[in-house]
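Trainee: Sharing upload-v3.cif below, mmCIF, C-alpha atoms:
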data_target
loop_
_atom_site.group_PDB
_atom_site.id
_atom_site.type_symbol
_atom_site.label_atom_id
_atom_site.label_comp_id
_atom_site.auth_asym_id
_atom_site.auth_seq_id
_atom_site.Cartn_x
_atom_site.Cartn_y
_atom_site.Cartn_z
ATOM 1 C CA MET A 1 33.901 4.336 -31.148
ATOM 2 C CA THR A 2 31.174 2.065 -32.439
ATOM 3 C CA ALA A 3 27.549 1.786 -31.440
ATOM 4 C CA SER A 4 28.401 -1.257 -29.319
ATOM 5 C CA THR A 5 30.650 0.853 -27.071
ATOM 6 C CA LEU A 6 27.850 3.228 -26.195
ATOM 7 C CA PRO A 7 26.207 2.894 -22.801
ATOM 8 C CA GLU A 8 23.213 0.576 -22.993
ATOM 9 C CA PRO A 9 20.500 3.189 -22.236
ATOM 10 C CA ILE A 10 21.899 5.548 -24.882
ATOM 11 C CA ALA A 11 22.222 2.724 -27.397
ATOM 12 C CA ARG A 12 18.616 1.705 -26.836
ATOM 13 C CA ALA A 13 17.447 5.293 -27.261
ATOM 14 C CA ALA A 14 19.444 5.642 -30.464
ATOM 15 C CA ALA A 15 18.123 2.365 -31.836
ATOM 16 C CA SER A 16 14.518 3.253 -31.033
ATOM 17 C CA THR A 17 14.728 6.557 -32.871
ATOM 18 C CA GLY A 18 16.793 5.186 -35.759
ATOM 19 C CA ILE A 19 19.594 7.697 -35.186
ATOM 20 C CA LYS A 20 23.311 6.992 -35.000
ATOM 21 C CA TYR A 21 25.563 9.915 -34.250
ATOM 22 C CA GLY A 22 23.097 12.342 -35.751
ATOM 23 C CA PHE A 23 22.432 10.358 -38.939
ATOM 24 C CA ARG A 24 19.467 8.193 -39.819
ATOM 25 C CA ARG A 25 20.238 4.583 -40.578
ATOM 26 C CA PRO A 26 19.918 3.584 -44.245
ATOM 27 C CA GLY A 27 16.527 2.235 -45.091
ATOM 28 C CA SER A 28 14.963 3.362 -41.827
ATOM 29 C CA SER A 29 11.816 5.426 -41.795
ATOM 30 C CA PRO A 30 11.366 8.709 -39.959
ATOM 31 C CA ALA A 31 9.784 8.631 -36.524
ATOM 32 C CA GLY A 32 6.644 10.313 -37.828
ATOM 33 C CA LYS A 33 6.018 7.525 -40.331
ATOM 34 C CA THR A 34 6.586 4.916 -37.635
ATOM 35 C CA ARG A 35 3.980 6.553 -35.436
ATOM 36 C CA ARG A 36 1.578 6.734 -38.355
ATOM 37 C CA SER A 37 2.100 3.047 -39.167
ATOM 38 C CA ASN A 38 1.348 2.150 -35.573
ATOM 39 C CA ARG A 39 -1.754 4.299 -35.763
ATOM 40 C CA GLU A 40 -2.944 2.465 -38.853
ATOM 41 C CA GLY A 41 -3.189 -0.780 -36.875
ATOM 42 C CA PHE A 42 -5.384 0.863 -34.247
ATOM 43 C CA LYS A 43 -8.935 -0.470 -34.183
ATOM 44 C CA ILE A 44 -11.942 0.848 -32.286
ATOM 45 C CA ASN A 45 -13.710 -1.633 -30.062
ATOM 46 C CA TRP A 46 -17.274 -0.616 -30.821
ATOM 47 C CA TRP A 47 -18.821 -2.993 -28.281
ATOM 48 C CA LEU A 48 -16.699 -1.545 -25.497
ATOM 49 C CA THR A 49 -17.421 1.988 -26.715
ATOM 50 C CA ALA A 50 -21.166 1.332 -26.682
ATOM 51 C CA LEU A 51 -20.893 -0.128 -23.184
ATOM 52 C CA MET A 52 -19.048 2.969 -21.971
ATOM 53 C CA VAL A 53 -21.695 5.225 -23.505
ATOM 54 C CA VAL A 54 -24.457 3.320 -21.722
ATOM 55 C CA ALA A 55 -22.489 3.402 -18.464
ATOM 56 C CA SER A 56 -22.004 7.172 -18.782
ATOM 57 C CA LEU A 57 -25.779 7.605 -18.895
ATOM 58 C CA THR A 58 -25.959 6.447 -15.276
ATOM 59 C CA VAL A 59 -24.140 9.674 -14.382
ATOM 60 C CA LEU A 60 -25.328 12.070 -17.087
ATOM 61 C CA LEU A 61 -29.031 11.252 -16.812
ATOM 62 C CA PRO A 62 -29.312 11.996 -13.050
ATOM 63 C CA LEU A 63 -27.258 15.146 -13.573
ATOM 64 C CA TYR A 64 -29.612 16.299 -16.325
ATOM 65 C CA PHE A 65 -32.603 15.494 -14.120
ATOM 66 C CA THR A 66 -31.120 17.575 -11.278
ATOM 67 C CA VAL A 67 -30.510 20.584 -13.520
ATOM 68 C CA ALA A 68 -33.980 20.344 -15.059
ATOM 69 C CA MET A 69 -35.693 20.087 -11.666
ATOM 70 C CA ALA A 70 -33.702 23.034 -10.303
ATOM 71 C CA LEU A 71 -34.989 25.262 -13.114
ATOM 72 C CA LYS A 72 -38.663 24.279 -12.891
ATOM 73 C CA SER A 73 -41.480 25.976 -11.069
ATOM 74 C CA PRO A 74 -43.720 23.996 -8.664
ATOM 75 C CA ASP A 75 -46.423 23.839 -11.352
ATOM 76 C CA GLN A 76 -43.985 22.395 -13.920
ATOM 77 C CA ILE A 77 -42.751 19.753 -11.453
ATOM 78 C CA GLY A 78 -46.253 18.393 -10.975
ATOM 79 C CA THR A 79 -46.679 17.580 -14.672
ATOM 80 C CA GLY A 80 -44.879 15.202 -17.009
ATOM 81 C CA THR A 81 -42.173 12.646 -16.236
ATOM 82 C CA GLY A 82 -39.669 15.104 -14.791
ATOM 83 C CA LEU A 83 -37.267 14.803 -17.736
ATOM 84 C CA GLU A 84 -38.847 17.611 -19.769
ATOM 85 C CA TRP A 85 -36.680 20.707 -20.071
ATOM 86 C CA PRO A 86 -38.357 23.641 -18.246
ATOM 87 C CA ASN A 87 -39.857 26.377 -20.373
ATOM 88 C CA PRO A 88 -39.549 29.042 -19.112
ATOM 89 C CA MET A 89 -36.560 28.468 -16.853
ATOM 90 C CA ASN A 90 -36.897 29.752 -13.275
ATOM 91 C CA TRP A 91 -33.497 31.067 -12.211
ATOM 92 C CA GLU A 92 -35.142 32.561 -9.134
ATOM 93 C CA ASN A 93 -34.938 29.123 -7.499
ATOM 94 C CA PHE A 94 -31.199 29.569 -6.965
ATOM 95 C CA VAL A 95 -31.698 32.965 -5.333
ATOM 96 C CA ALA A 96 -34.415 31.607 -3.042
ATOM 97 C CA ALA A 97 -32.277 28.596 -2.071
ATOM 98 C CA TYR A 98 -29.276 30.883 -1.477
ATOM 99 C CA VAL A 99 -31.268 32.985 0.972
ATOM 100 C CA ALA A 100 -33.175 30.146 2.658
ATOM 101 C CA THR A 101 -30.052 28.131 3.518
ATOM 102 C CA ASN A 102 -27.927 31.161 4.414
ATOM 103 C CA PHE A 103 -25.547 29.747 1.848
ATOM 104 C CA PRO A 104 -22.430 31.828 2.678
ATOM 105 C CA ARG A 105 -22.431 30.757 6.335
ATOM 106 C CA ALA A 106 -23.099 27.080 5.570
ATOM 107 C CA PHE A 107 -20.534 27.179 2.765
ATOM 108 C CA MET A 108 -17.814 28.550 5.055
ATOM 109 C CA SER A 109 -18.561 25.929 7.710
ATOM 110 C CA THR A 110 -18.397 23.158 5.112
ATOM 111 C CA ALA A 111 -15.203 24.608 3.615
ATOM 112 C CA PHE A 112 -13.576 24.732 7.067
ATOM 113 C CA VAL A 113 -14.352 21.082 7.716
ATOM 114 C CA THR A 114 -13.269 20.013 4.233
ATOM 115 C CA VAL A 115 -10.004 21.967 3.977
ATOM 116 C CA PHE A 116 -8.656 20.918 7.361
ATOM 117 C CA SER A 117 -9.832 17.340 6.881
ATOM 118 C CA VAL A 118 -7.911 17.139 3.604
ATOM 119 C CA LEU A 119 -4.770 18.731 5.036
ATOM 120 C CA GLY A 120 -4.907 16.575 8.165
ATOM 121 C CA SER A 121 -5.438 13.414 6.133
ATOM 122 C CA LEU A 122 -2.479 14.175 3.859
ATOM 123 C CA ALA A 123 -0.140 15.001 6.723
ATOM 124 C CA CYS A 124 -1.086 12.274 9.198
ATOM 125 C CA SER A 125 -1.582 9.408 6.751
ATOM 126 C CA SER A 126 1.624 10.070 4.817
ATOM 127 C CA LEU A 127 3.682 10.260 8.019
ATOM 128 C CA VAL A 128 2.199 7.025 9.380
ATOM 129 C CA ALA A 129 2.703 5.243 6.061
ATOM 130 C CA TYR A 130 6.315 6.426 5.770
ATOM 131 C CA ALA A 131 7.130 5.224 9.273
ATOM 132 C CA ILE A 132 5.582 1.788 8.663
ATOM 133 C CA ALA A 133 7.045 1.301 5.174
ATOM 134 C CA ARG A 134 10.600 2.165 6.217
ATOM 135 C CA ASN A 135 10.462 0.071 9.416
ATOM 136 C CA TRP A 136 8.687 -2.966 8.056
ATOM 137 C CA ASN A 137 11.305 -5.331 9.517
ATOM 138 C CA ARG A 138 10.211 -4.388 13.060
ATOM 139 C CA LYS A 139 7.333 -6.246 14.664
ATOM 140 C CA PHE A 140 5.840 -3.125 16.237
ATOM 141 C CA PHE A 141 5.321 -1.420 12.889
ATOM 142 C CA ARG A 142 3.985 -4.573 11.216
ATOM 143 C CA GLY A 143 1.565 -4.959 14.094
ATOM 144 C CA SER A 144 0.556 -1.301 13.734
ATOM 145 C CA PHE A 145 -0.232 -1.879 10.079
ATOM 146 C CA VAL A 146 -2.444 -4.871 10.901
ATOM 147 C CA TYR A 147 -4.133 -2.847 13.643
ATOM 148 C CA LEU A 148 -4.922 -0.016 11.226
ATOM 149 C CA LEU A 149 -6.271 -2.402 8.614
ATOM 150 C CA SER A 150 -8.512 -4.101 11.174
ATOM 151 C CA ALA A 151 -10.227 -0.754 11.790
ATOM 152 C CA MET A 152 -11.562 -0.869 8.226
ATOM 153 C CA PHE A 153 -13.750 -3.850 9.141
ATOM 154 C CA ILE A 154 -15.574 -2.120 12.008
ATOM 155 C CA PRO A 155 -18.941 -0.674 10.908
ATOM 156 C CA PHE A 156 -19.025 3.028 11.631
ATOM 157 C CA PRO A 157 -22.629 3.075 13.019
ATOM 158 C CA VAL A 158 -21.462 0.716 15.770
ATOM 159 C CA ILE A 159 -19.027 3.256 17.226
ATOM 160 C CA ILE A 160 -20.660 6.559 16.348
ATOM 161 C CA LEU A 161 -22.634 6.961 19.588
ATOM 162 C CA PRO A 162 -19.594 6.415 21.895
ATOM 163 C CA LEU A 163 -17.571 8.775 19.706
ATOM 164 C CA ILE A 164 -20.223 11.498 19.911
ATOM 165 C CA LYS A 165 -20.392 11.183 23.686
ATOM 166 C CA GLN A 166 -16.614 11.397 24.023
ATOM 167 C CA THR A 167 -16.290 14.397 21.737
ATOM 168 C CA ALA A 168 -19.071 16.179 23.643
ATOM 169 C CA LEU A 169 -17.244 15.607 26.947
ATOM 170 C CA LEU A 170 -14.059 17.000 25.367
ATOM 171 C CA GLY A 171 -15.834 20.088 24.019
ATOM 172 C CA LEU A 172 -15.481 18.954 20.404
ATOM 173 C CA ASP A 173 -19.171 19.143 19.479
ATOM 174 C CA ASN A 174 -18.312 21.609 16.710
ATOM 175 C CA PRO A 175 -16.743 21.600 13.222
ATOM 176 C CA ALA A 176 -13.292 21.022 14.756
ATOM 177 C CA GLY A 177 -14.524 17.738 16.213
ATOM 178 C CA VAL A 178 -15.859 16.699 12.815
ATOM 179 C CA VAL A 179 -12.430 17.421 11.308
ATOM 180 C CA PHE A 180 -10.738 15.316 13.993
ATOM 181 C CA LEU A 181 -12.967 12.302 13.329
ATOM 182 C CA HIS A 182 -12.599 12.626 9.552
ATOM 183 C CA VAL A 183 -8.807 12.561 9.823
ATOM 184 C CA LEU A 184 -8.838 9.739 12.352
ATOM 185 C CA GLY A 185 -11.358 7.666 10.422
ATOM 186 C CA GLY A 186 -9.478 7.958 7.132
ATOM 187 C CA ILE A 187 -6.040 6.914 8.399
ATOM 188 C CA SER A 188 -6.624 3.194 7.792
ATOM 189 C CA PHE A 189 -7.564 3.410 4.120
ATOM 190 C CA ASN A 190 -5.222 6.288 3.308
ATOM 191 C CA THR A 191 -2.262 4.560 4.948
ATOM 192 C CA LEU A 192 -2.931 1.460 2.869
ATOM 193 C CA LEU A 193 -2.651 3.562 -0.291
ATOM 194 C CA TYR A 194 0.425 5.469 0.858
ATOM 195 C CA ILE A 195 2.428 2.407 1.954
ATOM 196 C CA ALA A 196 2.237 0.807 -1.481
ATOM 197 C CA PHE A 197 3.438 4.078 -3.013
ATOM 198 C CA VAL A 198 6.273 4.685 -0.519
ATOM 199 C CA ARG A 199 7.684 1.221 -1.190
ATOM 200 C CA SER A 200 8.122 2.137 -4.861
ATOM 201 C CA ILE A 201 10.445 5.057 -3.923
ATOM 202 C CA PRO A 202 14.128 3.963 -3.941
ATOM 203 C CA VAL A 203 15.745 3.956 -0.516
ATOM 204 C CA GLU A 204 18.988 5.203 -2.131
ATOM 205 C CA LEU A 205 17.468 8.686 -2.414
ATOM 206 C CA GLU A 206 17.125 8.860 1.353
ATOM 207 C CA GLU A 207 20.558 7.381 1.987
ATOM 208 C CA SER A 208 22.249 9.983 -0.188
ATOM 209 C CA ALA A 209 20.378 12.758 1.628
ATOM 210 C CA ARG A 210 21.408 11.372 5.027
ATOM 211 C CA MET A 211 25.035 11.313 3.877
ATOM 212 C CA ASP A 212 24.674 15.061 3.280
ATOM 213 C CA GLY A 213 23.485 15.536 6.869
ATOM 214 C CA ALA A 214 19.687 15.568 6.384
ATOM 215 C CA THR A 215 17.523 14.507 9.299
ATOM 216 C CA THR A 216 14.593 12.119 9.046
ATOM 217 C CA TRP A 217 12.137 15.018 9.024
ATOM 218 C CA GLN A 218 14.100 16.808 6.298
ATOM 219 C CA VAL A 219 14.232 13.637 4.204
ATOM 220 C CA PHE A 220 10.471 13.247 4.441
ATOM 221 C CA ARG A 221 9.635 16.903 3.868
ATOM 222 C CA LYS A 222 12.069 17.612 1.012
ATOM 223 C CA ILE A 223 12.292 14.245 -0.755
ATOM 224 C CA ILE A 224 9.515 11.802 0.110
ATOM 225 C CA PHE A 225 6.494 14.093 0.374
ATOM 226 C CA PRO A 226 7.106 15.854 -2.996
ATOM 227 C CA LEU A 227 7.425 12.425 -4.652
ATOM 228 C CA LEU A 228 4.047 11.475 -3.181
ATOM 229 C CA ALA A 229 2.264 14.092 -5.325
ATOM 230 C CA PRO A 230 0.142 11.613 -7.382
ATOM 231 C CA MET A 231 -0.953 9.753 -4.258
ATOM 232 C CA ASN A 232 -1.524 13.030 -2.427
ATOM 233 C CA ALA A 233 -3.974 13.984 -5.173
ATOM 234 C CA THR A 234 -5.731 10.620 -4.878
ATOM 235 C CA VAL A 235 -6.051 10.760 -1.095
ATOM 236 C CA GLY A 236 -6.934 14.455 -1.229
ATOM 237 C CA ILE A 237 -9.861 13.854 -3.593
ATOM 238 C CA PHE A 238 -11.195 10.985 -1.491
ATOM 239 C CA ALA A 239 -10.911 13.084 1.669
ATOM 240 C CA PHE A 240 -12.508 16.080 -0.036
ATOM 241 C CA LEU A 241 -15.518 14.150 -1.282
ATOM 242 C CA GLY A 242 -15.972 12.352 2.026
ATOM 243 C CA SER A 243 -15.838 15.580 4.035
ATOM 244 C CA TRP A 244 -17.840 17.828 1.724
ATOM 245 C CA ASN A 245 -20.709 15.366 1.282
ATOM 246 C CA ASP A 246 -20.779 14.074 4.859
ATOM 247 C CA PHE A 247 -24.202 14.319 6.463
ATOM 248 C CA LEU A 248 -24.164 11.957 9.440
ATOM 249 C CA LEU A 249 -21.255 13.308 11.488
ATOM 250 C CA PRO A 250 -22.120 17.029 11.276
ATOM 251 C CA GLN A 251 -25.769 16.351 12.015
ATOM 252 C CA MET A 252 -25.031 14.301 15.135
ATOM 253 C CA MET A 253 -21.979 16.199 16.428
ATOM 254 C CA ILE A 254 -22.398 19.924 15.778
ATOM 255 C CA ALA A 255 -24.616 21.338 18.510
ATOM 256 C CA ASP A 256 -24.874 24.900 17.186
ATOM 257 C CA PRO A 257 -27.305 25.113 14.217
ATOM 258 C CA ALA A 258 -25.481 28.208 12.972
ATOM 259 C CA LEU A 259 -22.352 26.079 12.361
ATOM 260 C CA GLN A 260 -24.030 23.295 10.419
ATOM 261 C CA THR A 261 -22.687 22.238 7.029
ATOM 262 C CA LEU A 262 -24.452 22.356 3.672
ATOM 263 C CA PRO A 263 -25.720 18.730 3.567
ATOM 264 C CA VAL A 264 -27.437 19.234 6.925
ATOM 265 C CA VAL A 265 -28.810 22.689 6.096
ATOM 266 C CA GLN A 266 -30.374 21.291 2.922
ATOM 267 C CA MET A 267 -32.771 19.288 5.083
ATOM 268 C CA LEU A 268 -34.618 22.605 5.420
ATOM 269 C CA PHE A 269 -36.495 21.890 2.180
ATOM 270 C CA GLN A 270 -37.808 18.515 3.341
ATOM 271 C CA GLY A 271 -40.922 18.957 5.449
ATOM 272 C CA GLU A 272 -43.116 16.419 7.178
ATOM 273 C CA PHE A 273 -45.727 16.271 4.422
ATOM 274 C CA ASN A 274 -44.125 17.866 1.364
ATOM 275 C CA THR A 275 -40.803 18.849 -0.187
ATOM 276 C CA ASN A 276 -39.935 21.968 -2.151
ATOM 277 C CA TYR A 277 -38.163 20.126 -4.965
ATOM 278 C CA SER A 278 -37.278 23.219 -6.996
ATOM 279 C CA LEU A 279 -35.359 24.893 -4.181
ATOM 280 C CA ALA A 280 -33.948 21.585 -2.948
ATOM 281 C CA PHE A 281 -32.409 20.678 -6.329
ATOM 282 C CA ALA A 282 -31.130 24.226 -6.804
ATOM 283 C CA SER A 283 -29.413 23.962 -3.437
ATOM 284 C CA TYR A 284 -27.975 20.566 -4.376
ATOM 285 C CA LEU A 285 -26.457 22.012 -7.538
ATOM 286 C CA MET A 286 -24.843 24.906 -5.671
ATOM 287 C CA ALA A 287 -23.366 22.499 -3.133
ATOM 288 C CA MET A 288 -22.200 20.102 -5.864
ATOM 289 C CA ALA A 289 -20.354 22.730 -7.915
ATOM 290 C CA PRO A 290 -17.132 22.790 -5.795
ATOM 291 C CA THR A 291 -16.819 18.985 -5.907
ATOM 292 C CA LEU A 292 -17.090 18.984 -9.698
ATOM 293 C CA VAL A 293 -14.453 21.700 -10.020
ATOM 294 C CA VAL A 294 -12.014 19.935 -7.687
ATOM 295 C CA TYR A 295 -12.452 16.573 -9.373
ATOM 296 C CA ILE A 296 -12.054 17.998 -12.885
ATOM 297 C CA LEU A 297 -8.828 19.759 -11.878
ATOM 298 C CA ALA A 298 -7.278 16.784 -10.041
ATOM 299 C CA GLN A 299 -8.806 13.650 -11.589
ATOM 300 C CA ARG A 300 -5.826 12.995 -13.879
ATOM 301 C CA TRP A 301 -3.680 12.225 -10.816
ATOM 302 C CA VAL A 302 -6.125 9.777 -9.250
ATOM 303 C CA LEU A 303 -5.556 6.815 -11.577
ATOM 304 C CA SER A 304 -1.826 7.509 -11.904
ATOM 305 C CA GLY A 305 -1.479 7.535 -8.130
ATOM 306 C CA VAL A 306 -3.288 4.241 -7.654
ATOM 307 C CA MET A 307 -1.438 2.501 -10.516
ATOM 308 C CA ARG A 308 1.943 3.847 -9.433
ATOM 309 C CA GLY A 309 1.432 2.438 -5.961
ATOM 310 C CA ALA A 310 0.402 -0.942 -7.395
ATOM 311 C CA VAL A 311 3.734 -1.449 -9.200
ATOM 312 C CA LYS A 312 6.846 -2.234 -7.257
#
Translate the structure of the given file into structure tokens.
Mentor:
Amino acid sequence: MTASTLPEPIARAAASTGIKYGFRRPGSSPAGKTRRSNREGFKINWWLTALMVVASLTVLLPLYFTVAMALKSPDQIGTGTGLEWPNPMNWENFVAAYVATNFPRAFMSTAFVTVFSVLGSLACSSLVAYAIARNWNRKFFRGSFVYLLSAMFIPFPVIILPLIKQTALLGLDNPAGVVFLHVLGGISFNTLLYIAFVRSIPVELEESARMDGATTWQVFRKIIFPLLAPMNATVGIFAFLGSWNDFLLPQMMIADPALQTLPVVQMLFQGEFNTNYSLAFASYLMAMAPTLVVYILAQRWVLSGVMRGAVK
């Protein structure tokens, strides 16, 4: 058997590594040297690097300002430009903000809204996208896709008052109603992301499963949904940030002040004539910590999910 009789994928793999039946071709260089030679041609784009450094300051500088303000006393806030590092640092601001906002109760209310909004968005949007993508040849599903996309062009402030009145009549003036509107409002954008991703999954995987007796629900649950992991991370992060940081819906929908979320409770520090900036920024940092942790843990899937869905 010669190299030409090998299957094409195996032959390409052997040629790329310079190996033929376990032996290196004469005159070929080891893989390590090839990688090093490719590395030698790598050049740093200093202009682009400098631009990225400047762009990063738009995030790092406000973050530094928030941390510095949270550790200052009222006397330190009234002097200087605000960028000076506090000396001494007042860690008591976090304790005072924790007590003033009843942080555990507000945190649990916010976590309830966020967790169920994320789970509902993943489940509902992926199911809708799968149904539309696999039935694209039917007019009803194409029309449903256009209908969902048209909802993205309706300004939310235009419909918020009718929605609040309807949810109040249905007894949904609570965190559960906020979850319902978050899931419903995110279907349009999330479905758009999911459909592009589902189309990149070969239909032959589903056909082979159906030949083994799998139902449509089993095909989705055991084959399609696990393959949607990168896009699930992307949609999950968007839903998490939108739910955790939402101020408008909880403020206008939740009637019981004891069930309000963190963004609404933080209004406590803003009075009619003055604002307690030290406690306010300390509260902002405590509320921001979960979003930073979630994004750091899942950010590597965001770009891969979007790019994977963009390639057919």
Trainee: Quote the spacing between CA of Lys165 in chain A and CA of Ala287 in chain A in Å to one decimal place.
Mentor: 29.3 Å
Trainee: Can you pull out every residue within 12 Å of range 137-144 of chain A, counting all atoms listed in the file, but drop anything in the same chain fewer than 4 positions away, and send it as a compact mmCIF listing (two decimals) with C-alpha atoms, keeping the file's coordinate frame?
Mentor:
# COMPACT_ATOMS: atom_id res chain seq x y z
CA VAL A 128 2.20 7.02 9.38
CA ALA A 129 2.70 5.24 6.06
CA TYR A 130 6.32 6.43 5.77
CA ALA A 131 7.13 5.22 9.27
CA ILE A 132 5.58 1.79 8.66
CA ALA A 133 7.04 1.30 5.17
CA LEU A 148 -4.92 -0.02 11.23
CA LEU A 149 -6.27 -2.40 8.61
CA SER A 150 -8.51 -4.10 11.17
CA ALA A 151 -10.23 -0.75 11.79
CA ILE A 187 -6.04 6.91 8.40
CA SER A 188 -6.62 3.19 7.79
CA THR A 191 -2.26 4.56 4.95
CA LEU A 192 -2.93 1.46 2.87
CA ILE A 195 2.43 2.41 1.95
Trainee: When you count all atoms listed in the file, which of these residues is closest to Val198 in chain A: A:Pro226, A:Pro290, A:Gly82, A:Gly236?
Mentor: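 Going through A:Pro226, A:Pro290, A:Gly82, A:Gly236 one by one, the smallest distance to Val198 in chain A is for A:Pro226.
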Trainee: Between CA of Ser73 in chain A and CA of Ala96 in chain A, what distance in Å does the model show, to one decimal?
Mentor: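 Computed distance, CA of Ser73 in chain A to CA of Ala96 in chain A, equals 12.1 Å.
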Trainee: Using all atoms listed in the file, which of A:Leu83, A:Ala280, A:Leu48, A:Thr167 sits nearest Leu61 in chain A?
Mentor: A:Leu83
Trainee: Can range 245-251 of chain A be brought up to all heavy atoms and written out as an mmCIF file, in the frame of the given file?
Mentor:
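Contents of part.cif, freshly written:
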data_model
loop_
_atom_site.group_PDB
_atom_site.id
_atom_site.type_symbol
_atom_site.label_atom_id
_atom_site.label_comp_id
_atom_site.auth_asym_id
_atom_site.auth_seq_id
_atom_site.Cartn_x
_atom_site.Cartn_y
_atom_site.Cartn_z
ATOM 1 N N ASN A 245 -19.385 15.982 1.406
ATOM 2 C CA ASN A 245 -20.709 15.366 1.282
ATOM 3 C C ASN A 245 -21.182 14.689 2.563
ATOM 4 O O ASN A 245 -22.253 14.072 2.557
ATOM 5 C CB ASN A 245 -20.705 14.339 0.145
ATOM 6 C CG ASN A 245 -20.420 14.964 -1.205
ATOM 7 O OD1 ASN A 245 -20.857 16.075 -1.481
ATOM 8 N ND2 ASN A 245 -19.678 14.257 -2.039
ATOM 9 N N ASP A 246 -20.404 14.778 3.628
ATOM 10 C CA ASP A 246 -20.779 14.074 4.859
ATOM 11 C C ASP A 246 -22.019 14.701 5.484
ATOM 12 O O ASP A 246 -22.093 15.922 5.665
ATOM 13 C CB ASP A 246 -19.618 14.105 5.851
ATOM 14 C CG ASP A 246 -19.900 13.252 7.068
ATOM 15 O OD1 ASP A 246 -20.727 12.332 6.971
ATOM 16 O OD2 ASP A 246 -19.294 13.506 8.128
ATOM 17 N N PHE A 247 -22.967 13.857 5.818
ATOM 18 C CA PHE A 247 -24.202 14.319 6.463
ATOM 19 C C PHE A 247 -24.315 13.820 7.897
ATOM 20 O O PHE A 247 -24.752 14.552 8.787
ATOM 21 C CB PHE A 247 -25.413 13.835 5.650
ATOM 22 C CG PHE A 247 -26.734 14.092 6.313
ATOM 23 C CD1 PHE A 247 -27.333 15.343 6.233
ATOM 24 C CD2 PHE A 247 -27.379 13.095 7.032
ATOM 25 C CE1 PHE A 247 -28.553 15.593 6.856
ATOM 26 C CE2 PHE A 247 -28.595 13.329 7.646
ATOM 27 C CZ PHE A 247 -29.181 14.580 7.559
ATOM 28 N N LEU A 248 -23.912 12.585 8.148
ATOM 29 C CA LEU A 248 -24.164 11.957 9.440
ATOM 30 C C LEU A 248 -23.385 12.607 10.574
ATOM 31 O O LEU A 248 -23.959 12.979 11.605
ATOM 32 C CB LEU A 248 -23.832 10.467 9.350
ATOM 33 C CG LEU A 248 -24.134 9.628 10.593
ATOM 34 C CD1 LEU A 248 -25.621 9.667 10.902
ATOM 35 C CD2 LEU A 248 -23.671 8.193 10.372
ATOM 36 N N LEU A 249 -22.069 12.757 10.407
ATOM 37 C CA LEU A 249 -21.255 13.308 11.488
ATOM 38 C C LEU A 249 -21.630 14.744 11.848
ATOM 39 O O LEU A 249 -21.831 15.053 13.034
ATOM 40 C CB LEU A 249 -19.770 13.219 11.129
ATOM 41 C CG LEU A 249 -19.054 11.919 11.469
ATOM 42 C CD1 LEU A 249 -17.592 11.993 11.075
ATOM 43 C CD2 LEU A 249 -19.182 11.605 12.952
ATOM 44 N N PRO A 250 -21.723 15.665 10.888
ATOM 45 C CA PRO A 250 -22.120 17.029 11.276
ATOM 46 C C PRO A 250 -23.492 17.089 11.935
ATOM 47 O O PRO A 250 -23.694 17.841 12.894
ATOM 48 C CB PRO A 250 -22.110 17.787 9.940
ATOM 49 C CG PRO A 250 -21.176 17.030 9.082
ATOM 50 C CD PRO A 250 -21.364 15.599 9.460
ATOM 51 N N GLN A 251 -24.434 16.302 11.440
ATOM 52 C CA GLN A 251 -25.769 16.351 12.015
ATOM 53 C C GLN A 251 -25.774 15.895 13.478
ATOM 54 O O GLN A 251 -26.480 16.470 14.319
ATOM 55 C CB GLN A 251 -26.735 15.488 11.211
ATOM 56 C CG GLN A 251 -28.184 15.584 11.682
ATOM 57 C CD GLN A 251 -29.039 14.456 11.172
ATOM 58 O OE1 GLN A 251 -28.535 13.351 10.955
ATOM 59 N NE2 GLN A 251 -30.315 14.724 10.956
#
